[in-house]
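Source file: coords00.cif; contents: mmCIF, C-alpha atoms.
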data_my_file
loop_
_atom_site.label_atom_id
_atom_site.label_comp_id
_atom_site.auth_asym_id
_atom_site.auth_seq_id
_atom_site.Cartn_x
_atom_site.Cartn_y
_atom_site.Cartn_z
CA GLU Q 1 -212.89 162.20 132.19
CA ALA Q 2 -213.42 159.10 130.09
CA GLY Q 3 -211.19 156.16 130.95
CA VAL Q 4 -209.14 153.85 128.77
CA ALA Q 5 -211.46 151.92 126.47
CA GLN Q 6 -210.67 148.41 125.27
CA SER Q 7 -212.55 146.01 123.03
CA PRO Q 8 -213.57 143.30 122.86
CA ARG Q 9 -213.87 142.27 126.52
CA TYR Q 10 -213.70 138.57 125.72
CA LYS Q 11 -212.50 136.57 122.75
CA ILE Q 12 -212.28 132.83 122.12
CA ILE Q 13 -210.38 131.63 119.06
CA GLU Q 14 -208.81 128.42 117.83
CA LYS Q 15 -205.05 128.07 117.66
CA ARG Q 16 -203.50 129.32 114.43
CA GLN Q 17 -206.30 131.86 113.98
CA SER Q 18 -205.67 135.60 114.13
CA VAL Q 19 -207.12 138.14 116.55
CA ALA Q 20 -206.97 141.90 117.06
CA PHE Q 21 -207.50 144.03 120.15
CA TRP Q 22 -208.30 147.73 120.18
CA CYS Q 23 -207.45 150.40 122.73
CA ASN Q 24 -208.47 154.05 122.97
CA PRO Q 25 -206.40 155.82 125.63
CA ILE Q 26 -207.36 158.84 127.65
CA SER Q 27 -207.29 161.97 125.50
CA GLY Q 28 -203.96 163.75 125.63
CA HIS Q 29 -202.00 160.83 127.05
CA ALA Q 30 -198.81 160.52 125.04
CA THR Q 31 -197.67 157.18 126.44
CA LEU Q 32 -199.54 153.96 125.71
CA TYR Q 33 -198.66 150.46 126.93
CA TRP Q 34 -199.84 146.97 126.05
CA TYR Q 35 -199.39 144.32 128.72
CA GLN Q 36 -200.01 140.57 128.72
CA GLN Q 37 -201.21 139.12 132.03
CA ILE Q 38 -201.26 135.35 132.33
CA LEU Q 39 -203.45 133.97 135.11
CA GLY Q 40 -201.70 134.21 138.46
CA GLN Q 41 -198.88 136.43 137.18
CA GLY Q 42 -198.14 140.14 137.04
CA PRO Q 43 -198.62 142.18 133.86
CA LYS Q 44 -195.77 141.72 131.38
CA LEU Q 45 -194.94 144.70 129.18
CA LEU Q 46 -195.27 143.86 125.50
CA ILE Q 47 -194.87 147.26 123.86
CA GLN Q 48 -194.68 150.93 124.80
CA PHE Q 49 -195.59 153.82 122.50
CA GLN Q 50 -194.72 157.48 122.90
CA ASN Q 51 -197.20 159.28 120.64
CA ASN Q 52 -197.06 157.15 117.48
CA GLY Q 53 -193.49 155.91 117.93
CA VAL Q 54 -192.37 152.65 119.53
CA VAL Q 55 -190.20 153.19 122.63
CA ASP Q 56 -189.82 149.57 123.78
CA ASP Q 57 -190.93 146.34 122.14
CA SER Q 58 -188.16 144.13 123.47
CA GLN Q 59 -190.60 141.56 124.89
CA LEU Q 60 -193.02 141.50 121.97
CA PRO Q 61 -192.89 138.14 120.12
CA LYS Q 62 -192.50 139.82 116.77
CA ASP Q 63 -192.91 136.63 114.75
CA ARG Q 64 -196.60 136.57 115.71
CA PHE Q 65 -197.47 139.82 117.52
CA SER Q 66 -197.73 143.26 115.97
CA ALA Q 67 -198.98 146.58 117.25
CA GLU Q 68 -199.52 150.03 115.87
CA ARG Q 69 -200.64 153.41 117.09
CA LEU Q 70 -201.54 155.39 114.04
CA LYS Q 71 -201.88 159.15 114.53
CA GLY Q 72 -200.67 158.73 118.12
CA VAL Q 73 -204.14 158.10 119.51
CA ASP Q 74 -205.79 154.69 119.53
CA SER Q 75 -203.88 151.46 119.12
CA THR Q 76 -204.36 147.90 117.91
CA LEU Q 77 -202.54 144.76 118.98
CA LYS Q 78 -202.67 141.75 116.66
CA ILE Q 79 -201.73 138.11 117.10
CA GLN Q 80 -201.26 135.95 114.01
CA PRO Q 81 -201.19 132.99 114.31
CA ALA Q 82 -202.32 132.46 117.90
CA LYS Q 83 -200.89 129.73 120.11
CA LEU Q 84 -202.40 128.09 123.19
CA GLU Q 85 -199.90 129.91 125.41
CA ASP Q 86 -201.26 133.27 124.23
CA SER Q 87 -204.31 132.72 126.45
CA ALA Q 88 -204.18 135.68 128.81
CA VAL Q 89 -205.69 139.06 129.60
CA TYR Q 90 -204.35 141.83 127.38
CA LEU Q 91 -204.28 145.15 129.18
CA CYS Q 92 -203.90 148.59 127.67
CA ALA Q 93 -202.76 151.54 129.77
CA SER Q 94 -201.96 155.18 129.17
CA ARG Q 95 -200.31 157.98 131.11
CA PRO Q 96 -199.72 161.68 130.47
CA GLY Q 97 -195.95 161.52 130.92
CA PRO Q 98 -193.05 160.45 133.13
CA GLY Q 99 -193.62 160.31 136.87
CA THR Q 100 -197.39 160.05 136.60
CA GLU Q 101 -199.83 157.26 137.31
CA ALA Q 102 -200.97 154.92 134.57
CA PHE Q 103 -204.64 154.39 133.80
CA PHE Q 104 -205.72 150.91 132.75
CA GLY Q 105 -208.56 149.63 130.65
CA GLN Q 106 -210.64 146.64 131.73
CA GLY Q 107 -208.63 144.34 129.49
CA THR Q 108 -209.45 141.74 126.86
CA ARG Q 109 -209.56 138.14 128.05
CA LEU Q 110 -208.29 135.90 125.23
CA THR Q 111 -208.80 132.16 125.28
CA VAL Q 112 -207.05 130.09 122.62
CA VAL Q 113 -208.43 126.58 122.23
CA SER T 1 -189.05 140.26 132.45
CA GLN T 2 -190.47 141.21 135.85
CA GLN T 3 -188.62 143.94 137.70
CA GLY T 4 -190.31 143.94 141.10
CA GLU T 5 -190.72 140.87 143.24
CA GLU T 6 -193.46 141.01 145.86
CA ASP T 7 -193.39 139.23 149.17
CA PRO T 8 -195.42 137.43 150.39
CA GLN T 9 -197.10 135.82 147.39
CA ALA T 10 -200.32 135.50 149.40
CA LEU T 11 -201.54 136.99 152.66
CA SER T 12 -204.69 136.19 154.66
CA ILE T 13 -205.72 138.40 157.57
CA GLN T 14 -208.76 139.26 159.67
CA GLU T 15 -210.72 142.45 159.10
CA GLY T 16 -209.27 145.27 161.18
CA GLU T 17 -205.70 143.94 161.07
CA ASN T 18 -202.87 145.61 159.19
CA ALA T 19 -201.45 144.14 155.98
CA THR T 20 -197.85 144.64 154.89
CA MET T 21 -196.53 143.78 151.45
CA ASN T 22 -192.95 144.12 150.30
CA CYS T 23 -191.42 144.73 146.89
CA SER T 24 -187.82 144.37 145.78
CA TYR T 25 -186.40 145.53 142.46
CA LYS T 26 -183.14 145.37 140.59
CA THR T 27 -182.37 148.50 138.57
CA SER T 28 -182.34 152.25 139.09
CA ILE T 29 -185.79 153.78 139.21
CA ASN T 30 -187.42 157.15 138.80
CA ASN T 31 -190.40 156.27 140.98
CA LEU T 32 -192.25 153.26 142.37
CA GLN T 33 -196.01 152.78 142.20
CA TRP T 34 -198.50 150.42 143.78
CA TYR T 35 -201.61 149.16 142.03
CA ARG T 36 -204.60 147.07 143.08
CA GLN T 37 -206.43 144.57 140.89
CA ASN T 38 -209.77 143.10 141.79
CA SER T 39 -210.59 139.75 140.23
CA GLY T 40 -211.33 140.09 136.53
CA ARG T 41 -210.78 143.83 136.49
CA GLY T 42 -208.15 146.27 135.30
CA LEU T 43 -205.49 147.71 137.57
CA VAL T 44 -206.17 150.76 139.72
CA HIS T 45 -203.41 153.11 140.83
CA LEU T 46 -203.01 153.46 144.60
CA ILE T 47 -199.94 155.55 145.31
CA LEU T 48 -196.71 156.80 143.73
CA ILE T 49 -193.46 157.47 145.59
CA ARG T 50 -190.55 159.21 143.89
CA SER T 51 -186.98 158.03 144.19
CA ASN T 52 -186.05 160.99 146.41
CA GLU T 53 -188.87 160.28 148.87
CA ARG T 54 -188.69 157.83 151.76
CA GLU T 55 -192.28 157.62 152.93
CA LYS T 56 -195.72 158.60 151.67
CA HIS T 57 -199.23 158.35 153.08
CA SER T 58 -202.63 158.24 151.43
CA GLY T 59 -205.63 157.50 153.63
CA ARG T 60 -205.09 154.03 155.11
CA LEU T 61 -202.05 153.43 152.89
CA ARG T 62 -198.43 153.98 153.86
CA VAL T 63 -195.61 153.37 151.42
CA THR T 64 -191.90 153.37 152.19
CA LEU T 65 -189.01 153.33 149.75
CA ASP T 66 -185.40 152.40 150.46
CA THR T 67 -183.38 152.97 147.30
CA SER T 68 -180.17 151.71 148.94
CA LYS T 69 -181.81 148.33 149.47
CA LYS T 70 -183.91 148.58 146.32
CA SER T 71 -187.05 147.78 148.25
CA SER T 72 -190.46 149.22 149.08
CA SER T 73 -193.29 148.28 151.39
CA LEU T 74 -197.02 148.93 151.30
CA LEU T 75 -198.92 148.99 154.59
CA ILE T 76 -202.71 148.91 154.63
CA THR T 77 -204.04 149.77 158.09
CA ALA T 78 -207.36 148.67 159.56
CA SER T 79 -208.07 146.37 156.63
CA ARG T 80 -211.58 145.80 155.30
CA ALA T 81 -213.12 142.94 153.37
CA ALA T 82 -213.22 145.28 150.35
CA ASP T 83 -209.40 145.40 150.40
CA THR T 84 -209.36 141.79 149.18
CA ALA T 85 -207.48 141.97 145.86
CA SER T 86 -204.09 141.47 144.23
CA TYR T 87 -201.51 144.18 144.85
CA PHE T 88 -198.66 144.94 142.45
CA CYS T 89 -195.65 147.17 142.68
CA ALA T 90 -194.45 148.78 139.47
CA THR T 91 -191.13 150.48 138.94
CA GLY T 92 -191.13 153.67 136.93
CA GLU T 93 -187.91 153.55 135.03
CA TYR T 94 -186.13 156.07 132.87
CA GLY T 95 -187.65 156.28 129.43
CA ASN T 96 -191.12 156.20 130.98
CA LYS T 97 -191.04 152.41 131.21
CA LEU T 98 -193.41 150.85 133.78
CA VAL T 99 -192.52 147.32 134.88
CA PHE T 100 -194.68 145.23 137.22
CA GLY T 101 -193.88 142.57 139.76
CA ALA T 102 -195.65 139.25 140.29
CA GLY T 103 -198.04 140.59 142.92
CA THR T 104 -199.34 139.74 146.39
CA ILE T 105 -202.81 138.23 146.79
CA LEU T 106 -204.47 139.72 149.87
CA ARG T 107 -207.53 138.12 151.43
CA VAL T 108 -209.29 139.96 154.25
CA LYS T 109 -211.69 137.78 156.18
CA SER T 110 -214.73 139.34 157.82
#
Reformat the file's structure so that it appears as structure tokens.
Amino acid sequence: EAGVAQSPRYKIIEKRQSVAFWCNPISGHATLYWYQQILGQGPKLLIQFQNNGVVDDSQLPKDRFSAERLKGVDSTLKIQPAKLEDSAVYLCASRPGPGTEAFFGQGTRLTVV
Amino acid sequence: SQQGEEDPQALSIQEGENATMNCSYKTSINNLQWYRQNSGRGLVHLILIRSNEREKHSGRLRVTLDTSKKSSSLLITASRAADTASYFCATGEYGNKLVFGAGTILRVKS
């Protein structure tokens, strides 16, 4: 089966610019996650969707980050305006349901200069 | 916030030796999972152990879970150079939440 697709793979922007990341999960997977992974750290959960509804966005910096999952399939994560500390790899993952493994995309490496 | 805390932060062993990584967590869990991440790549699922299980095996991997101590361990036997990677535990919490620890960097020298 096709894996989790993410684009772009790399992005370099200047601070205060905006950027968007796209994720297409595995077909049929109801749960979708966005994680932020700063170099040398573990993935930090930003937002969790169940179908097209938000389950958990407690760690999403809502003043600058937004995410949506229209029609409960693919998802976009946006940062506006970006800060230097947003430099990280943004990982998307999906899973069929509770108690199952999560499948990760290759991630988008964001560099803010 | 991170749920699991891995120990050690880094581990360097010779090929053929066993590698043991530990994970501690704080809240009630539904299951605990281990993932591997090669440099610059996404995470790959290794093994899942449910909260009512104490031990699980998969090939050269052995995972234990002690819910009374809120801890888990991952043992990789007969390590290979290709096992060099970062290893993360992730707690599967109620509500389908999946929270990762800080990871252990494993280096296997050939």
Which residues of chain T have any atom within 9 Å of an atom in chain Q when counting all atoms listed in the file, and what is the closest pair of atoms for each, with the distance in Å to one decimal? Order the rows by chain and rising number and write it as JSON lines.
{"residue": "T:Ser1", "atom": "CA", "partner": "Q:Lys44", "partner_atom": "CA", "distance": 7.0}
{"residue": "T:Gln2", "atom": "CA", "partner": "Q:Lys44", "partner_atom": "CA", "distance": 7.0}
{"residue": "T:Asn30", "atom": "CA", "partner": "Q:Gly99", "partner_atom": "CA", "distance": 7.2}
{"residue": "T:Asn31", "atom": "CA", "partner": "Q:Gly99", "partner_atom": "CA", "distance": 6.6}
{"residue": "T:Gln33", "atom": "CA", "partner": "Q:Glu101", "partner_atom": "CA", "distance": 7.7}
{"residue": "T:Gly40", "atom": "CA", "partner": "Q:Gln106", "partner_atom": "CA", "distance": 8.1}
{"residue": "T:Arg41", "atom": "CA", "partner": "Q:Gln106", "partner_atom": "CA", "distance": 5.5}
{"residue": "T:Gly42", "atom": "CA", "partner": "Q:Gln106", "partner_atom": "CA", "distance": 4.4}
{"residue": "T:Leu43", "atom": "CA", "partner": "Q:Phe104", "partner_atom": "CA", "distance": 5.8}
{"residue": "T:Val44", "atom": "CA", "partner": "Q:Phe104", "partner_atom": "CA", "distance": 7.0}
{"residue": "T:His45", "atom": "CA", "partner": "Q:Glu101", "partner_atom": "CA", "distance": 6.5}
{"residue": "T:Leu46", "atom": "CA", "partner": "Q:Glu101", "partner_atom": "CA", "distance": 8.8}
{"residue": "T:Ile47", "atom": "CA", "partner": "Q:Glu101", "partner_atom": "CA", "distance": 8.2}
{"residue": "T:Leu48", "atom": "CA", "partner": "Q:Glu101", "partner_atom": "CA", "distance": 7.2}
{"residue": "T:Arg50", "atom": "CA", "partner": "Q:Gly99", "partner_atom": "CA", "distance": 7.7}
{"residue": "T:Phe88", "atom": "CA", "partner": "Q:Gly42", "partner_atom": "CA", "distance": 7.3}
{"residue": "T:Gly92", "atom": "CA", "partner": "Q:Gly99", "partner_atom": "CA", "distance": 7.1}
{"residue": "T:Glu93", "atom": "CA", "partner": "Q:Pro98", "partner_atom": "CA", "distance": 8.8}
{"residue": "T:Tyr94", "atom": "CA", "partner": "Q:Pro98", "partner_atom": "CA", "distance": 8.2}
{"residue": "T:Gly95", "atom": "CA", "partner": "Q:Pro98", "partner_atom": "CA", "distance": 7.8}
{"residue": "T:Asn96", "atom": "CA", "partner": "Q:Pro98", "partner_atom": "CA", "distance": 5.1}
{"residue": "T:Lys97", "atom": "CA", "partner": "Q:Gln48", "partner_atom": "CA", "distance": 7.5}
{"residue": "T:Leu98", "atom": "CA", "partner": "Q:Leu45", "partner_atom": "CA", "distance": 7.8}
{"residue": "T:Val99", "atom": "CA", "partner": "Q:Leu45", "partner_atom": "CA", "distance": 6.7}
{"residue": "T:Phe100", "atom": "CA", "partner": "Q:Pro43", "partner_atom": "CA", "distance": 6.0}
{"residue": "T:Gly101", "atom": "CA", "partner": "Q:Gly42", "partner_atom": "CA", "distance": 5.6}
{"residue": "T:Ala102", "atom": "CA", "partner": "Q:Gly42", "partner_atom": "CA", "distance": 4.2}
{"residue": "T:Gly103", "atom": "CA", "partner": "Q:Gly42", "partner_atom": "CA", "distance": 5.9}
Identify which of the residues T:Arg36, T:His57, T:Ile49, T:Ile29 lies closest to Ile105 of chain T, counting all atoms listed in the file when measuring atom-to-atom distances.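 Among the listed residues, T:Arg36 lies closest to Ile105 of chain T.
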So which residues get picked by the PyMOL selection byres ((chain Q and resi 76-81) around 7) here, written as a CSV table (one decimal) with C-alpha atoms, in the coordinates of the input?
chain,number,residue,atom,x,y,z
Q,16,ARG,CA,-203.5,129.3,114.4
Q,17,GLN,CA,-206.3,131.9,114.0
Q,18,SER,CA,-205.7,135.6,114.1
Q,19,VAL,CA,-207.1,138.1,116.6
Q,20,ALA,CA,-207.0,141.9,117.1
Q,21,PHE,CA,-207.5,144.0,120.2
Q,22,TRP,CA,-208.3,147.7,120.2
Q,23,CYS,CA,-207.4,150.4,122.7
Q,64,ARG,CA,-196.6,136.6,115.7
Q,65,PHE,CA,-197.5,139.8,117.5
Q,66,SER,CA,-197.7,143.3,116.0
Q,67,ALA,CA,-199.0,146.6,117.2
Q,68,GLU,CA,-199.5,150.0,115.9
Q,69,ARG,CA,-200.6,153.4,117.1
Q,75,SER,CA,-203.9,151.5,119.1
Q,82,ALA,CA,-202.3,132.5,117.9
Q,83,LYS,CA,-200.9,129.7,120.1
With only C-alpha atoms as the basis for distance, which of Q:Glu14, Q:Pro25, Q:Arg9, Q:Asp57 is at the shortest distance from Glu85 of chain Q?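 Among the listed residues, the smallest separation from Glu85 of chain Q belongs to Q:Glu14.
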Assuming the chain letters and numbering stay as they are in my file, what does the PyMOL selection byres ((chain Q and resi 73) around 9) actually select? List them as a PyMOL selection string. chain Q and resi 23-30+32+51-52+69-72+74-75
8 Å contact set for segment 61-68 of chain T, only C-alpha atoms, chain neighbours under 5 positions out, as a list in words: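 Those residues are Ile47, Ile49, Ser51, Glu53, Arg54, Glu55, Lys56, Ser73, Leu74, Leu75, Ile76 and Thr77 of chain T.
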For the residues selected in the previous step, produce a file with C-alpha atoms as a short mmCIF file (atom, residue, chain, number, x, y, z; two decimals), in the frame of the given file.
data_model
loop_
_atom_site.label_atom_id
_atom_site.label_comp_id
_atom_site.auth_asym_id
_atom_site.auth_seq_id
_atom_site.Cartn_x
_atom_site.Cartn_y
_atom_site.Cartn_z
CA ILE T 47 -199.94 155.55 145.31
CA ILE T 49 -193.46 157.47 145.59
CA SER T 51 -186.98 158.03 144.19
CA GLU T 53 -188.87 160.28 148.87
CA ARG T 54 -188.69 157.83 151.76
CA GLU T 55 -192.28 157.62 152.93
CA LYS T 56 -195.72 158.60 151.67
CA SER T 73 -193.29 148.28 151.39
CA LEU T 74 -197.02 148.93 151.30
CA LEU T 75 -198.92 148.99 154.59
CA ILE T 76 -202.71 148.91 154.63
CA THR T 77 -204.04 149.77 158.09
#
Which residues fall under the PyMOL selection byres ((chain T and resi 106) around 6) in this file, as JSON, numbers by chain? {"T": [10, 11, 12, 84, 85, 86, 105, 107]}
Go ahead and dump the residues you just picked, C-alpha atoms, as an mmCIF file, in the coordinates of the input.
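What ended up in result-v4.cif:
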data_model
loop_
_atom_site.group_PDB
_atom_site.id
_atom_site.type_symbol
_atom_site.label_atom_id
_atom_site.label_comp_id
_atom_site.auth_asym_id
_atom_site.auth_seq_id
_atom_site.Cartn_x
_atom_site.Cartn_y
_atom_site.Cartn_z
ATOM 1 C CA ALA T 10 -200.320 135.500 149.400
ATOM 2 C CA LEU T 11 -201.540 136.990 152.660
ATOM 3 C CA SER T 12 -204.690 136.190 154.660
ATOM 4 C CA THR T 84 -209.360 141.790 149.180
ATOM 5 C CA ALA T 85 -207.480 141.970 145.860
ATOM 6 C CA SER T 86 -204.090 141.470 144.230
ATOM 7 C CA ILE T 105 -202.810 138.230 146.790
ATOM 8 C CA ARG T 107 -207.530 138.120 151.430
#
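Counting from atom CA of Gln37 of chain T, the distance to atom CA of Lys11 of chain Q is 20.7 Å.
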Expressed in Å, the length from atom CA of Cys89 of chain T to atom CA of Gly59 of chain T is 18.1 Å
Atomic distance atom CA of Met21 of chain T - atom CA of Tyr87 of chain T, expressed in Å with one decimal: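 So the answer is 8.3 Å.
Of the listed residues T:Ala81, T:Lys70, T:Thr104, T:Lys109, the one whose atoms come nearest to Thr20 of chain T is T:Thr104, with distances taken using only C-alpha atoms.
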Which is closer to Ala78 of chain T than all the others in T:Ala90, T:Leu32, T:Cys23, T:Ile13, using all atoms listed in the file?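 Closest to Ala78 of chain T of all the choices is T:Ile13.
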